[in-house]
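The file input.csv contains CSV, C-alpha atoms and all ligand atoms:
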```
chain,number,residue,atom,x,y,z
C,1,MET,CA,63.8,50.1,90.2
C,2,LYS,CA,63.3,47.3,92.8
C,3,ASN,CA,62.4,48.5,96.3
C,4,PHE,CA,65.2,48.6,98.8
C,5,THR,CA,65.9,49.6,102.4
C,6,TYR,CA,68.2,52.7,102.8
C,7,PHE,CA,70.8,53.1,105.5
C,8,GLN,CA,73.0,56.1,106.3
C,9,PRO,CA,75.7,55.1,108.8
C,10,ASN,CA,78.0,57.7,110.2
C,11,SER,CA,81.2,55.6,110.5
C,12,VAL,CA,83.1,53.2,108.3
C,13,LYS,CA,82.7,50.5,110.9
C,14,GLN,CA,78.9,50.8,110.9
C,15,ALA,CA,78.9,50.7,107.1
C,16,VAL,CA,81.0,47.5,107.1
C,17,GLY,CA,78.6,46.0,109.6
C,18,LEU,CA,75.7,46.6,107.3
C,19,LEU,CA,77.2,44.8,104.3
C,20,ASP,CA,76.5,41.2,103.3
C,21,ALA,CA,79.3,38.7,102.7
C,22,LYS,CA,78.1,38.0,99.1
C,23,TRP,CA,77.6,40.4,96.1
C,24,GLY,CA,74.2,41.5,95.0
C,25,THR,CA,72.1,41.9,98.1
C,26,THR,CA,73.7,45.0,99.5
C,27,GLU,CA,75.4,47.9,97.6
C,28,LEU,CA,77.3,50.9,98.8
C,29,LEU,CA,76.1,54.3,97.6
C,30,ALA,CA,78.5,57.2,97.2
C,31,GLY,CA,77.5,59.9,94.6
C,32,GLY,CA,75.1,57.5,92.9
C,33,THR,CA,76.1,58.4,89.4
C,34,ASP,CA,76.7,54.8,88.5
C,35,LEU,CA,74.8,52.8,91.1
C,36,LEU,CA,71.4,54.5,90.5
C,37,ASP,CA,71.8,53.9,86.7
C,38,LEU,CA,72.5,50.2,87.4
C,39,GLN,CA,69.4,50.0,89.7
C,40,LYS,CA,67.2,51.7,87.1
C,41,GLU,CA,68.4,49.3,84.5
C,42,TYR,CA,67.7,46.3,86.9
C,43,VAL,CA,71.3,45.2,86.6
C,44,ALA,CA,71.8,46.0,90.3
C,45,GLN,CA,68.9,44.9,92.5
C,46,PRO,CA,70.0,45.3,96.1
C,47,ASP,CA,67.7,44.7,99.1
C,48,LYS,CA,69.8,47.2,101.1
C,49,VAL,CA,71.6,50.4,100.0
C,50,VAL,CA,74.2,51.7,102.4
C,51,SER,CA,75.0,55.3,101.8
C,52,LEU,CA,78.5,56.6,102.6
C,53,THR,CA,77.4,60.3,102.4
C,54,GLY,CA,77.1,60.6,106.2
C,55,ILE,CA,80.7,59.5,106.9
C,56,LYS,CA,82.8,62.7,107.4
C,57,GLU,CA,86.2,60.9,107.5
C,58,LEU,CA,85.8,59.8,103.9
C,59,ALA,CA,85.5,63.4,102.6
C,60,THR,CA,89.0,64.8,103.4
C,61,ILE,CA,92.1,65.5,101.4
C,62,GLU,CA,95.5,65.7,103.3
C,63,ALA,CA,98.3,66.9,101.0
C,64,GLY,CA,101.6,67.3,102.9
C,65,ASN,CA,105.4,66.7,102.7
C,66,THR,CA,105.0,63.1,103.6
C,67,GLY,CA,102.5,62.3,100.9
C,68,THR,CA,98.8,62.7,100.0
C,69,LYS,CA,95.8,60.9,101.3
C,70,ILE,CA,92.4,61.4,99.5
C,71,GLY,CA,89.3,60.1,101.1
C,72,ALA,CA,87.1,57.8,99.0
C,73,GLY,CA,84.2,60.2,99.4
C,74,VAL,CA,86.0,63.2,98.0
C,75,LYS,CA,84.1,64.5,94.9
C,76,LEU,CA,85.9,64.5,91.6
C,77,THR,CA,85.5,68.3,91.3
C,78,ALA,CA,87.4,68.7,94.6
C,79,ILE,CA,90.3,66.7,93.2
C,80,ALA,CA,90.3,68.4,89.8
C,81,ASP,CA,90.3,71.9,91.4
C,82,HIS,CA,92.7,71.3,94.4
C,83,PRO,CA,95.6,73.7,93.9
C,84,ALA,CA,98.3,71.5,95.6
C,85,LEU,CA,97.1,68.3,93.8
C,86,LYS,CA,97.0,70.2,90.5
C,87,LYS,CA,100.7,71.2,90.9
C,88,LEU,CA,101.9,67.8,92.0
C,89,TYR,CA,99.7,65.3,90.2
C,90,PRO,CA,98.4,66.6,86.8
C,91,ALA,CA,98.0,62.9,85.8
C,92,LEU,CA,95.2,62.7,88.4
C,93,THR,CA,93.7,66.1,88.4
C,94,ASP,CA,93.4,66.4,84.6
C,95,ALA,CA,91.7,63.0,84.5
C,96,ALA,CA,89.3,64.1,87.2
C,97,GLY,CA,88.5,67.3,85.3
C,98,ASP,CA,87.8,65.4,82.1
C,99,VAL,CA,85.3,62.9,83.6
C,100,GLY,CA,81.8,63.1,82.1
C,101,GLY,CA,80.8,66.7,82.7
C,102,PRO,CA,80.2,69.1,85.7
C,103,GLN,CA,77.2,67.3,87.0
C,104,ILE,CA,79.1,63.9,87.2
C,105,GLN,CA,82.2,65.5,88.7
C,106,ASN,CA,80.1,67.4,91.3
C,107,MET,CA,78.3,64.1,92.4
C,108,GLY,CA,80.9,61.4,91.6
C,109,THR,CA,83.5,60.4,94.2
C,110,LEU,CA,87.0,58.9,94.1
C,111,GLY,CA,85.8,55.6,95.6
C,112,GLY,CA,82.9,55.4,93.2
C,113,ASN,CA,85.1,56.1,90.3
C,114,LEU,CA,87.5,53.3,91.2
C,115,CYS,CA,84.7,50.9,92.0
C,116,GLN,CA,82.3,51.8,89.1
C,117,ARG,CA,81.0,48.9,87.0
C,118,ASN,CA,82.1,48.4,83.4
C,119,ARG,CA,80.2,50.1,80.5
C,120,CYS,CA,79.8,47.1,78.2
C,121,TRP,CA,76.4,47.6,76.5
C,122,TYR,CA,75.6,43.9,76.8
C,123,PHE,CA,76.3,44.0,80.6
C,124,ARG,CA,74.1,47.1,81.0
C,125,ASP,CA,71.2,45.6,79.1
C,126,GLU,CA,68.9,43.9,81.6
C,127,HIS,CA,67.7,41.5,78.9
C,128,VAL,CA,71.1,40.2,78.0
C,129,ASN,CA,72.4,37.4,80.2
C,130,CYS,CA,76.1,37.4,79.3
C,131,LEU,CA,79.0,35.6,80.9
C,132,LEU,CA,79.6,38.3,83.5
C,133,LYS,CA,76.0,38.0,84.7
C,134,GLY,CA,76.1,34.2,84.9
C,135,GLY,CA,75.0,33.5,81.3
C,136,PRO,CA,76.5,31.1,78.8
C,137,LYS,CA,78.8,33.4,76.7
C,138,CYS,CA,80.4,36.8,76.1
C,139,PHE,CA,78.3,38.5,73.4
C,140,ALA,CA,81.0,41.1,72.6
C,141,LEU,CA,83.4,38.5,71.3
C,142,ASP,CA,81.5,38.1,68.0
C,143,GLY,CA,79.2,41.1,68.5
C,144,GLU,CA,79.5,44.9,68.7
C,145,ASN,CA,82.9,45.3,70.2
C,146,GLN,CA,84.3,48.6,68.9
C,147,TYR,CA,84.8,50.0,72.5
C,148,HIS,CA,86.0,46.8,74.1
C,149,ALA,CA,89.5,45.4,75.0
C,150,VAL,CA,92.4,45.1,72.6
C,151,PHE,CA,94.6,43.2,75.1
C,152,THR,CA,92.4,40.2,75.0
C,153,THR,CA,94.7,37.2,75.5
C,154,GLY,CA,93.4,35.1,78.4
C,155,HIS,CA,90.2,37.1,78.9
C,156,LYS,CA,86.8,35.5,78.7
C,157,CYS,CA,85.1,38.8,79.3
C,158,VAL,CA,86.6,41.6,77.2
C,159,ILE,CA,85.4,44.7,79.0
C,160,VAL,CA,87.6,47.7,79.4
C,161,HIS,CA,88.1,49.1,82.9
C,162,PRO,CA,86.1,52.4,82.9
C,163,SER,CA,88.1,54.5,85.4
C,164,THR,CA,90.2,57.3,84.0
C,165,LEU,CA,91.6,58.2,87.5
C,166,ALA,CA,93.0,54.7,88.0
C,167,PRO,CA,95.8,54.8,85.3
C,168,GLY,CA,97.3,58.1,86.7
C,169,LEU,CA,97.1,56.9,90.3
C,170,ILE,CA,98.8,53.6,89.4
C,171,ALA,CA,101.5,55.5,87.5
C,172,LEU,CA,102.0,57.6,90.7
C,173,GLY,CA,102.5,54.5,92.8
C,174,ALA,CA,99.2,54.9,94.8
C,175,THR,CA,98.0,52.5,97.4
C,176,VAL,CA,94.4,52.1,98.7
C,177,ASP,CA,93.2,51.7,102.3
C,178,ILE,CA,90.4,49.2,102.8
C,179,ALA,CA,88.2,48.5,105.8
C,180,GLY,CA,86.5,45.2,106.4
C,181,PRO,CA,85.1,43.0,109.1
C,182,LYS,CA,88.5,41.8,110.1
C,183,GLY,CA,90.1,45.3,110.2
C,184,ASN,CA,92.0,47.4,107.8
C,185,ARG,CA,94.4,46.5,105.0
C,186,THR,CA,96.5,48.4,102.4
C,187,VAL,CA,96.9,47.3,98.8
C,188,GLU,CA,98.9,48.7,95.9
C,189,LEU,CA,96.4,50.2,93.5
C,190,THR,CA,97.9,48.1,90.6
C,191,LYS,CA,96.8,45.0,92.5
C,192,PHE,CA,93.3,46.4,93.4
C,193,PHE,CA,91.8,45.7,90.0
C,194,GLN,CA,91.0,42.3,88.4
C,195,ALA,CA,89.5,41.0,85.2
C,196,PRO,CA,86.1,39.6,86.3
C,197,THR,CA,84.7,36.4,84.7
C,198,GLY,CA,81.3,35.9,86.4
C,199,PRO,CA,78.7,37.3,88.8
C,200,THR,CA,80.7,36.5,91.9
C,201,GLN,CA,83.5,38.9,90.9
C,202,ARG,CA,83.7,42.7,90.4
C,203,GLU,CA,86.2,44.7,88.4
C,204,HIS,CA,88.1,45.1,91.7
C,205,THR,CA,89.3,42.8,94.5
C,206,LEU,CA,87.3,44.2,97.3
C,207,ALA,CA,85.2,41.6,99.2
C,208,PRO,CA,81.5,42.3,99.2
C,209,ASN,CA,81.7,43.5,102.9
C,210,GLU,CA,84.7,45.8,102.5
C,211,VAL,CA,84.8,49.6,102.0
C,212,LEU,CA,87.4,51.6,100.1
C,213,VAL,CA,88.4,54.2,102.7
C,214,SER,CA,91.2,56.3,101.0
C,215,VAL,CA,93.9,56.5,98.3
C,216,SER,CA,97.4,57.5,99.3
C,217,ILE,CA,100.1,58.8,96.9
C,218,PRO,CA,103.7,58.8,97.9
C,219,ALA,CA,105.5,62.2,98.2
C,220,LYS,CA,107.9,62.0,95.3
C,221,ALA,CA,108.4,64.8,92.8
C,222,VAL,CA,107.8,63.1,89.5
C,223,LYS,CA,107.0,64.4,86.0
C,224,ASN,CA,103.5,63.0,85.2
C,225,ALA,CA,100.6,63.4,82.8
C,226,SER,CA,97.6,61.7,81.4
C,227,TYR,CA,96.4,61.9,77.8
C,228,GLU,CA,93.0,60.7,76.6
C,229,VAL,CA,91.8,60.1,73.1
C,230,ARG,CA,88.1,60.8,73.0
C,231,HIS,CA,85.3,60.9,70.5
C,232,LYS,CA,84.0,64.1,72.0
C,233,GLN,CA,84.9,66.4,74.9
C,234,ALA,CA,82.2,65.6,77.4
C,235,TYR,CA,79.7,63.0,78.6
C,236,ASP,CA,81.7,60.1,77.3
C,237,TRP,CA,84.6,57.8,78.3
C,238,PRO,CA,87.9,57.9,76.4
C,239,LEU,CA,88.6,55.4,73.7
C,240,VAL,CA,92.2,55.0,74.9
C,241,GLN,CA,94.2,56.7,77.7
C,242,ALA,CA,97.8,56.7,78.7
C,243,ALA,CA,99.1,58.0,82.1
C,244,VAL,CA,102.9,58.3,82.7
C,245,ALA,CA,105.1,59.2,85.6
C,246,PHE,CA,108.9,59.3,85.8
C,247,ASN,CA,112.0,61.0,87.4
C,248,TYR,CA,113.7,63.3,85.0
C,249,GLU,CA,117.1,64.4,86.4
C,250,GLY,CA,119.8,65.7,84.1
C,251,GLY,CA,117.4,65.2,81.1
C,252,LYS,CA,117.3,61.5,81.6
C,253,VAL,CA,114.3,59.3,82.5
C,254,SER,CA,114.4,56.9,85.4
C,255,ASN,CA,111.8,54.9,87.3
C,256,ALA,CA,109.2,55.3,84.5
C,257,ARG,CA,105.7,53.9,84.8
C,258,ILE,CA,103.4,54.0,81.8
C,259,VAL,CA,99.8,52.8,82.4
C,260,LEU,CA,97.2,52.3,79.7
C,261,GLY,CA,93.5,52.8,80.3
C,262,HIS,CA,90.4,51.6,78.3
C,263,VAL,CA,92.3,48.8,76.4
C,264,ALA,CA,91.8,45.8,78.8
C,265,PRO,CA,89.6,44.6,81.7
C,266,THR,CA,92.1,46.2,84.1
C,267,PRO,CA,94.5,49.2,83.7
C,268,VAL,CA,97.7,47.9,81.9
C,269,LEU,CA,101.2,48.5,83.1
C,270,ALA,CA,103.2,48.9,79.8
C,271,GLU,CA,106.5,47.6,81.0
C,272,ALA,CA,108.1,47.4,77.6
C,273,ALA,CA,107.3,51.1,77.0
C,274,ALA,CA,108.8,52.1,80.3
C,275,LYS,CA,111.9,50.2,79.5
C,276,ALA,CA,112.2,51.9,76.1
C,277,ILE,CA,112.7,55.3,77.6
C,278,GLU,CA,114.8,54.4,80.7
C,279,GLY,CA,118.0,56.5,80.7
C,280,LYS,CA,116.9,58.5,77.7
C,281,ALA,CA,115.7,62.1,77.1
C,282,ILE,CA,112.0,62.5,76.0
C,283,ASP,CA,111.7,63.8,72.5
C,284,GLU,CA,109.5,63.0,69.5
C,285,ALA,CA,111.5,59.9,68.6
C,286,THR,CA,111.8,58.3,72.0
C,287,ALA,CA,108.2,59.1,72.9
C,288,ALA,CA,107.1,57.5,69.6
C,289,ALA,CA,109.2,54.4,70.2
C,290,ALA,CA,107.6,54.0,73.7
C,291,GLY,CA,104.2,54.3,72.1
C,292,LYS,CA,105.0,51.5,69.7
C,293,ALA,CA,106.4,49.3,72.5
C,294,ALA,CA,103.2,50.0,74.6
C,295,ALA,CA,101.0,48.5,71.8
C,296,GLU,CA,103.0,45.3,71.6
C,297,GLY,CA,101.0,42.2,72.4
C,298,ALA,CA,97.6,43.8,71.5
C,299,LYS,CA,95.1,41.3,70.0
C,300,PRO,CA,92.2,43.5,68.9
C,301,LEU,CA,88.6,42.2,68.3
C,302,SER,CA,86.8,42.3,65.0
C,303,GLN,CA,85.8,46.1,65.3
C,304,ASN,CA,88.5,47.8,67.4
C,305,ALA,CA,91.9,47.5,65.7
C,306,TYR,CA,91.8,51.3,65.4
C,307,LYS,CA,92.6,51.4,69.2
C,308,VAL,CA,96.1,50.0,68.6
C,309,LYS,CA,97.2,53.2,66.8
C,310,LEU,CA,95.5,55.3,69.5
C,311,ILE,CA,97.7,53.6,72.1
C,312,GLU,CA,100.8,54.8,70.3
C,313,VAL,CA,99.4,58.3,70.0
C,314,ALA,CA,98.3,58.5,73.7
C,315,VAL,CA,101.6,57.3,75.1
C,316,LYS,CA,103.6,59.6,72.9
C,317,ARG,CA,101.6,62.6,73.8
C,318,ALA,CA,101.5,61.8,77.5
C,319,LEU,CA,105.3,61.5,77.6
C,320,LEU,CA,105.8,64.7,75.7
C,321,ALA,CA,103.3,66.6,77.9
C,322,ALA,CA,104.9,65.2,81.2
C,323,ALA,CA,108.4,66.2,80.0
C,324,GLY,CA,107.2,69.8,79.4
C,325,GLY,CA,107.2,69.7,75.6
C,326,LYS,CA,105.1,71.8,73.4
C,327,LYS,CA,101.5,70.4,73.1
C,328,TYR,CA,101.4,70.8,69.4
C,329,TRP,CA,98.1,68.9,69.3
C,330,GLU,CA,96.3,71.6,71.2
C,331,MET,CA,97.4,74.5,68.9
C,401,LIG,C1,77.9,60.4,81.1
C,401,LIG,C2,79.0,59.9,82.0
C,401,LIG,C3,80.3,60.0,81.6
C,401,LIG,C4,81.3,59.5,82.4
C,401,LIG,N1,82.6,59.6,82.0
C,401,LIG,C5,83.6,59.1,82.7
C,401,LIG,C6,85.0,59.2,82.3
C,401,LIG,O1,85.4,59.8,81.3
C,401,LIG,N2,85.9,58.6,83.1
C,401,LIG,C7,85.6,58.0,84.3
C,401,LIG,O2,86.5,57.5,85.0
C,401,LIG,N3,84.3,57.9,84.7
C,401,LIG,C8,83.3,58.4,83.9
C,401,LIG,N4,82.0,58.3,84.3
C,401,LIG,C9,81.7,57.5,85.5
C,401,LIG,C10,81.8,58.3,86.8
C,401,LIG,O3,83.2,58.7,87.0
C,401,LIG,C11,81.3,57.4,87.9
C,401,LIG,O4,80.0,57.2,87.7
C,401,LIG,C12,81.5,58.1,89.2
C,401,LIG,O5,82.9,58.3,89.5
C,401,LIG,C13,81.1,57.1,90.3
C,401,LIG,O6,81.2,57.7,91.5
C,401,LIG,P1,79.9,57.8,92.5
C,401,LIG,O7,80.4,58.4,93.7
C,401,LIG,O8,78.7,58.4,91.9
C,401,LIG,O9,79.7,56.2,92.6
C,401,LIG,P2,78.3,55.4,92.9
C,401,LIG,O10,77.5,55.4,91.8
C,401,LIG,O11,77.7,55.8,94.2
C,401,LIG,O12,79.0,54.0,93.1
C,401,LIG,C14,79.6,53.3,92.1
C,401,LIG,C15,80.0,51.9,92.5
C,401,LIG,O13,81.1,52.0,93.4
C,401,LIG,C16,80.8,51.4,94.7
C,401,LIG,N5,81.4,52.2,95.7
C,401,LIG,C17,81.2,53.6,95.8
C,401,LIG,N6,82.0,54.0,96.8
C,401,LIG,C18,82.7,53.0,97.3
C,401,LIG,C19,83.6,52.8,98.4
C,401,LIG,N7,84.1,53.8,99.1
C,401,LIG,N8,84.0,51.5,98.7
C,401,LIG,C20,83.6,50.5,98.0
C,401,LIG,N9,82.7,50.6,96.9
C,401,LIG,C21,82.2,51.8,96.6
C,401,LIG,C22,79.2,51.4,94.7
C,401,LIG,O14,78.7,50.4,95.5
C,401,LIG,C23,78.9,51.2,93.2
C,401,LIG,O15,79.0,49.8,92.9
C,401,LIG,C24,81.0,58.8,83.6
C,401,LIG,C25,79.7,58.7,84.0
C,401,LIG,C26,78.7,59.2,83.2
C,401,LIG,C27,77.2,59.1,83.7
C,402,LIG,S1,82.5,41.8,77.6
C,402,LIG,FE1,82.0,41.0,79.6
C,402,LIG,S2,80.2,42.2,80.2
C,402,LIG,FE2,80.4,42.4,77.9
C,402,LIG,S3,79.2,40.8,77.0
C,402,LIG,FE3,81.2,40.0,77.3
C,402,LIG,S4,81.1,38.9,79.3
C,402,LIG,FE4,79.4,40.4,79.2
```
Can the structure in the file be given as structure tokens, please?
Amino acid sequence: MKNFTYFQPNSVKQAVGLLDAKWGTTELLAGGTDLLDLQKEYVAQPDKVVSLTGIKELATIEAGNTGTKIGAGVKLTAIADHPALKKLYPALTDAAGDVGGPQIQNMGTLGGNLCQRNRCWYFRDEHVNCLLKGGPKCFALDGENQYHAVFTTGHKCVIVHPSTLAPGLIALGATVDIAGPKGNRTVELTKFFQAPTGPTQREHTLAPNEVLVSVSIPAKAVKNASYEVRHKQAYDWPLVQAAVAFNYEGGKVSNARIVLGHVAPTPVLAEAAAKAIEGKAIDEATAAAAGKAAAEGAKPLSQNAYKVKLIEVAVKRALLAAAGGKKYWEM
């Protein structure tokens, strides 16, 4: 690991003041479960590391009638185990409880989860200078791409976004509060992510000298769930994830949002799938039809066509779970 200077400010304003206006020279440190790996792999080589662990305002959860605000420094365990959040937002708390394992959940934070870097093995290998690190080409396009994107049209870099909290939060209509040198701004979470194409971009739209302060979820009682298809139960990312949220009055769906994870460089809003269930009851047939609609437009790479079928399964099961159906796959 390259030597660096460590700072531990006790306010967001101080943290913002310590950050440089370009990527690479300064890095924010939350739980460190991603950043320290990147430093040990020489993929991140900051001169300054600015810890957020001394900032108390980042570590609070406010869950009330007017909505929920979760500080960026809140640990994943605190989200997964929060009684009110569990009742209202299983799409979020189940995803938090499925991340990595207990060690990762006890150290990892909400902000770090949303801002973590991608897991492409070419990106994580210090010896490979791929497009995202300023090199000449994307090695995954004709290389080992079994865990990469299947919605590839228009993407030069075919990573998948690694956060499993993001799809549920987007389905729930979350916004993020951001602090920067010019003050604060609020952004819809769906617009927070971007598909990066080079070293001057990240997987999100924060400027290098901005800090993610909190995530807010509107107070609406909606049916919601997240379903992940995984190789194994722990210490791995899902192959495909679907998160859903919808109103369900009189046995009919309205205002549905279906979001796919781990299939594209950003979480994907599956609008055709949401349209397929609008005004309908959720049953095996309608949930399966939504799953098929969600997979439309997928253009898999040489080794990951299997993910297209998994999208259909994940959407179907997330919808059935949210509607309160029997989880026959868990029996
Ligand atoms: C074995 C393993 C399995 C995992 N499985 C999953 C999984 O299934 N699903 C999943 O979603 N994740 C998974 N993860 C990733 C894990 O969720 C993240 O490593 C963790 O959430 C990052 O949080 P952190 O607080 O440790 O972030 P850090 O490592 O401290 O930071 C990560 C990045 O976010 C930036 N950052 C942190 N906080 C802020 C902020 N407030 N504002 C702006 N930038 C910020 C940092 O600068 C850094 O670039 C896994 C990790 C491991 C090691
Ligand atoms: S997918 Fe992106 S990160 Fe991976 S090799 Fe291609 S350009 Fe690099």
d(atom C4 of ligand LIG 401 (chain C), atom CA of Leu172 of chain C) in Å: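 Spanning atom C4 of ligand LIG 401 (chain C) to atom CA of Leu172 of chain C is a straight-line distance of 22.4 Å.
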Residue with smallest distance to Ala305 of chain C - pool C:Gln105, C:Asn184, C:Thr152, C:Thr53, counting all atoms listed in the file: C:Thr152
For segment 195-210 of chain C, list every protein, DNA or RNA residue within 10 Å, evaluated using only C-alpha atoms, and leave out those in the same chain fewer than 6 positions away; present the list as a PDB file with C-alpha atoms, in the coordinates of the input.
```
ATOM      1  CA  VAL C  12      83.100  53.200 108.300  1.00  0.00           C
ATOM      2  CA  LYS C  13      82.700  50.500 110.900  1.00  0.00           C
ATOM      3  CA  ALA C  15      78.900  50.700 107.100  1.00  0.00           C
ATOM      4  CA  VAL C  16      81.000  47.500 107.100  1.00  0.00           C
ATOM      5  CA  GLY C  17      78.600  46.000 109.600  1.00  0.00           C
ATOM      6  CA  LEU C  18      75.700  46.600 107.300  1.00  0.00           C
ATOM      7  CA  LEU C  19      77.200  44.800 104.300  1.00  0.00           C
ATOM      8  CA  ASP C  20      76.500  41.200 103.300  1.00  0.00           C
ATOM      9  CA  ALA C  21      79.300  38.700 102.700  1.00  0.00           C
ATOM     10  CA  LYS C  22      78.100  38.000  99.100  1.00  0.00           C
ATOM     11  CA  TRP C  23      77.600  40.400  96.100  1.00  0.00           C
ATOM     12  CA  GLY C  24      74.200  41.500  95.000  1.00  0.00           C
ATOM     13  CA  THR C  25      72.100  41.900  98.100  1.00  0.00           C
ATOM     14  CA  THR C  26      73.700  45.000  99.500  1.00  0.00           C
ATOM     15  CA  GLU C  27      75.400  47.900  97.600  1.00  0.00           C
ATOM     16  CA  LEU C  28      77.300  50.900  98.800  1.00  0.00           C
ATOM     17  CA  LEU C 114      87.500  53.300  91.200  1.00  0.00           C
ATOM     18  CA  CYS C 115      84.700  50.900  92.000  1.00  0.00           C
ATOM     19  CA  GLN C 116      82.300  51.800  89.100  1.00  0.00           C
ATOM     20  CA  ARG C 117      81.000  48.900  87.000  1.00  0.00           C
ATOM     21  CA  ASN C 118      82.100  48.400  83.400  1.00  0.00           C
ATOM     22  CA  CYS C 130      76.100  37.400  79.300  1.00  0.00           C
ATOM     23  CA  LEU C 131      79.000  35.600  80.900  1.00  0.00           C
ATOM     24  CA  LEU C 132      79.600  38.300  83.500  1.00  0.00           C
ATOM     25  CA  LYS C 133      76.000  38.000  84.700  1.00  0.00           C
ATOM     26  CA  GLY C 134      76.100  34.200  84.900  1.00  0.00           C
ATOM     27  CA  GLY C 135      75.000  33.500  81.300  1.00  0.00           C
ATOM     28  CA  CYS C 138      80.400  36.800  76.100  1.00  0.00           C
ATOM     29  CA  GLY C 154      93.400  35.100  78.400  1.00  0.00           C
ATOM     30  CA  HIS C 155      90.200  37.100  78.900  1.00  0.00           C
ATOM     31  CA  LYS C 156      86.800  35.500  78.700  1.00  0.00           C
ATOM     32  CA  CYS C 157      85.100  38.800  79.300  1.00  0.00           C
ATOM     33  CA  VAL C 158      86.600  41.600  77.200  1.00  0.00           C
ATOM     34  CA  ILE C 159      85.400  44.700  79.000  1.00  0.00           C
ATOM     35  CA  VAL C 160      87.600  47.700  79.400  1.00  0.00           C
ATOM     36  CA  HIS C 161      88.100  49.100  82.900  1.00  0.00           C
ATOM     37  CA  PRO C 162      86.100  52.400  82.900  1.00  0.00           C
ATOM     38  CA  ILE C 178      90.400  49.200 102.800  1.00  0.00           C
ATOM     39  CA  ALA C 179      88.200  48.500 105.800  1.00  0.00           C
ATOM     40  CA  GLY C 180      86.500  45.200 106.400  1.00  0.00           C
ATOM     41  CA  PRO C 181      85.100  43.000 109.100  1.00  0.00           C
ATOM     42  CA  LYS C 182      88.500  41.800 110.100  1.00  0.00           C
ATOM     43  CA  GLY C 183      90.100  45.300 110.200  1.00  0.00           C
ATOM     44  CA  ASN C 184      92.000  47.400 107.800  1.00  0.00           C
ATOM     45  CA  VAL C 187      96.900  47.300  98.800  1.00  0.00           C
ATOM     46  CA  LEU C 189      96.400  50.200  93.500  1.00  0.00           C
ATOM     47  CA  ALA C 264      91.800  45.800  78.800  1.00  0.00           C
ATOM     48  CA  PRO C 265      89.600  44.600  81.700  1.00  0.00           C
ATOM     49  CA  THR C 266      92.100  46.200  84.100  1.00  0.00           C
ATOM     50  CA  PRO C 267      94.500  49.200  83.700  1.00  0.00           C
TER      51      PRO C 267
END
```
Between atom CA of Phe139 of chain C and atom S4 of ligand LIG 402 (chain C), distance in Å (one decimal): 6.5 Å
Point-to-point distance in Å for atom CA of Val213 of chain C and atom CA of Leu239 of chain C: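 So the two atoms, atom CA of Leu239 of chain C and atom CA of Val213 of chain C, lie 29.0 Å apart.
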Contact residues around Arg124 of chain C with only C-alpha atoms at 8 Å, ignoring same-chain residues under 4 positions, as a PyMOL selection string: chain C and resi 38+41+43+119-120
Ligand LIG 401 (chain C) neighbours within 6 Å using only C-alpha atoms and all ligand atoms, as number ranges by chain: C: 27-35, 72, 99-100, 107-109, 111-113, 115-116, 162-165, 211-213, 235-238
Shortest interatomic distance to ligand LIG 402 (chain C) - which of C:Glu126, C:Glu188, C:Glu228, C:Glu296, counting all atoms listed in the file: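 For ligand LIG 402 (chain C), the nearest of the given residues is C:Glu126.
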Pick from C:Asn304, C:Gln39, C:Ser214, C:Asn65 nearest to Leu110 of chain C, counting only C-alpha atoms: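 Distance minimum relative to Leu110 of chain C lands on C:Ser214.
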Contacts of Ile79 of chain C at 9 Å (all atoms listed in the file; same-chain gap of 4+ positions) as a short mmCIF file (atom, residue, chain, number, x, y, z; two decimals) with C-alpha atoms, keeping the file's coordinate frame:
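Contents of selection29.cif, freshly written:
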```cif
data_model
loop_
_atom_site.label_atom_id
_atom_site.label_comp_id
_atom_site.auth_asym_id
_atom_site.auth_seq_id
_atom_site.Cartn_x
_atom_site.Cartn_y
_atom_site.Cartn_z
CA ILE C 61 92.10 65.50 101.40
CA ILE C 70 92.40 61.40 99.50
CA VAL C 74 86.00 63.20 98.00
CA LYS C 75 84.10 64.50 94.90
CA PRO C 83 95.60 73.70 93.90
CA LEU C 85 97.10 68.30 93.80
CA LYS C 86 97.00 70.20 90.50
CA LEU C 92 95.20 62.70 88.40
CA THR C 93 93.70 66.10 88.40
CA ALA C 96 89.30 64.10 87.20
CA GLY C 97 88.50 67.30 85.30
CA LEU C 110 87.00 58.90 94.10
#
```
Best match for closeness to Val215 of chain C among C:Thr186, C:Ala274, C:Tyr328, C:Ala293, counting only C-alpha atoms: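 So, comparing all the options, the nearest one is C:Thr186.
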Top pick for closest residue to ligand LIG 402 (chain C), considering C:Val128, C:Ala140, C:Met331, C:Ile282 and counting all atoms listed in the file: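 Of the candidates, the smallest distance to ligand LIG 402 (chain C) is held by C:Ala140.
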Proximity to Glu284 of chain C - best of C:Val268, C:Leu320, C:Lys299, C:Gly64, only C-alpha atoms: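 The answer is C:Leu320, which sits nearest to Glu284 of chain C.
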Exercise: Gly297 of chain C partners within 10 Å, all atoms listed in the file, chain neighbours under 2 positions left out, as JSON, numbers by chain: {"C": [150, 151, 152, 153, 293, 294, 295, 299, 300, 308]}
If we count only C-alpha atoms, what is near Lys307 of chain C at a cut-off of 10 Å, once residues fewer than 4 positions away on the same chain are taken out, given as a CSV table (one decimal) with C-alpha atoms, in the coordinates of the input?
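File result33.csv, as written:
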```csv
chain,number,residue,atom,x,y,z
C,146,GLN,CA,84.3,48.6,68.9
C,147,TYR,CA,84.8,50.0,72.5
C,148,HIS,CA,86.0,46.8,74.1
C,149,ALA,CA,89.5,45.4,75.0
C,150,VAL,CA,92.4,45.1,72.6
C,229,VAL,CA,91.8,60.1,73.1
C,239,LEU,CA,88.6,55.4,73.7
C,240,VAL,CA,92.2,55.0,74.9
C,262,HIS,CA,90.4,51.6,78.3
C,263,VAL,CA,92.3,48.8,76.4
C,295,ALA,CA,101.0,48.5,71.8
C,298,ALA,CA,97.6,43.8,71.5
C,300,PRO,CA,92.2,43.5,68.9
C,303,GLN,CA,85.8,46.1,65.3
C,311,ILE,CA,97.7,53.6,72.1
C,312,GLU,CA,100.8,54.8,70.3
C,313,VAL,CA,99.4,58.3,70.0
```
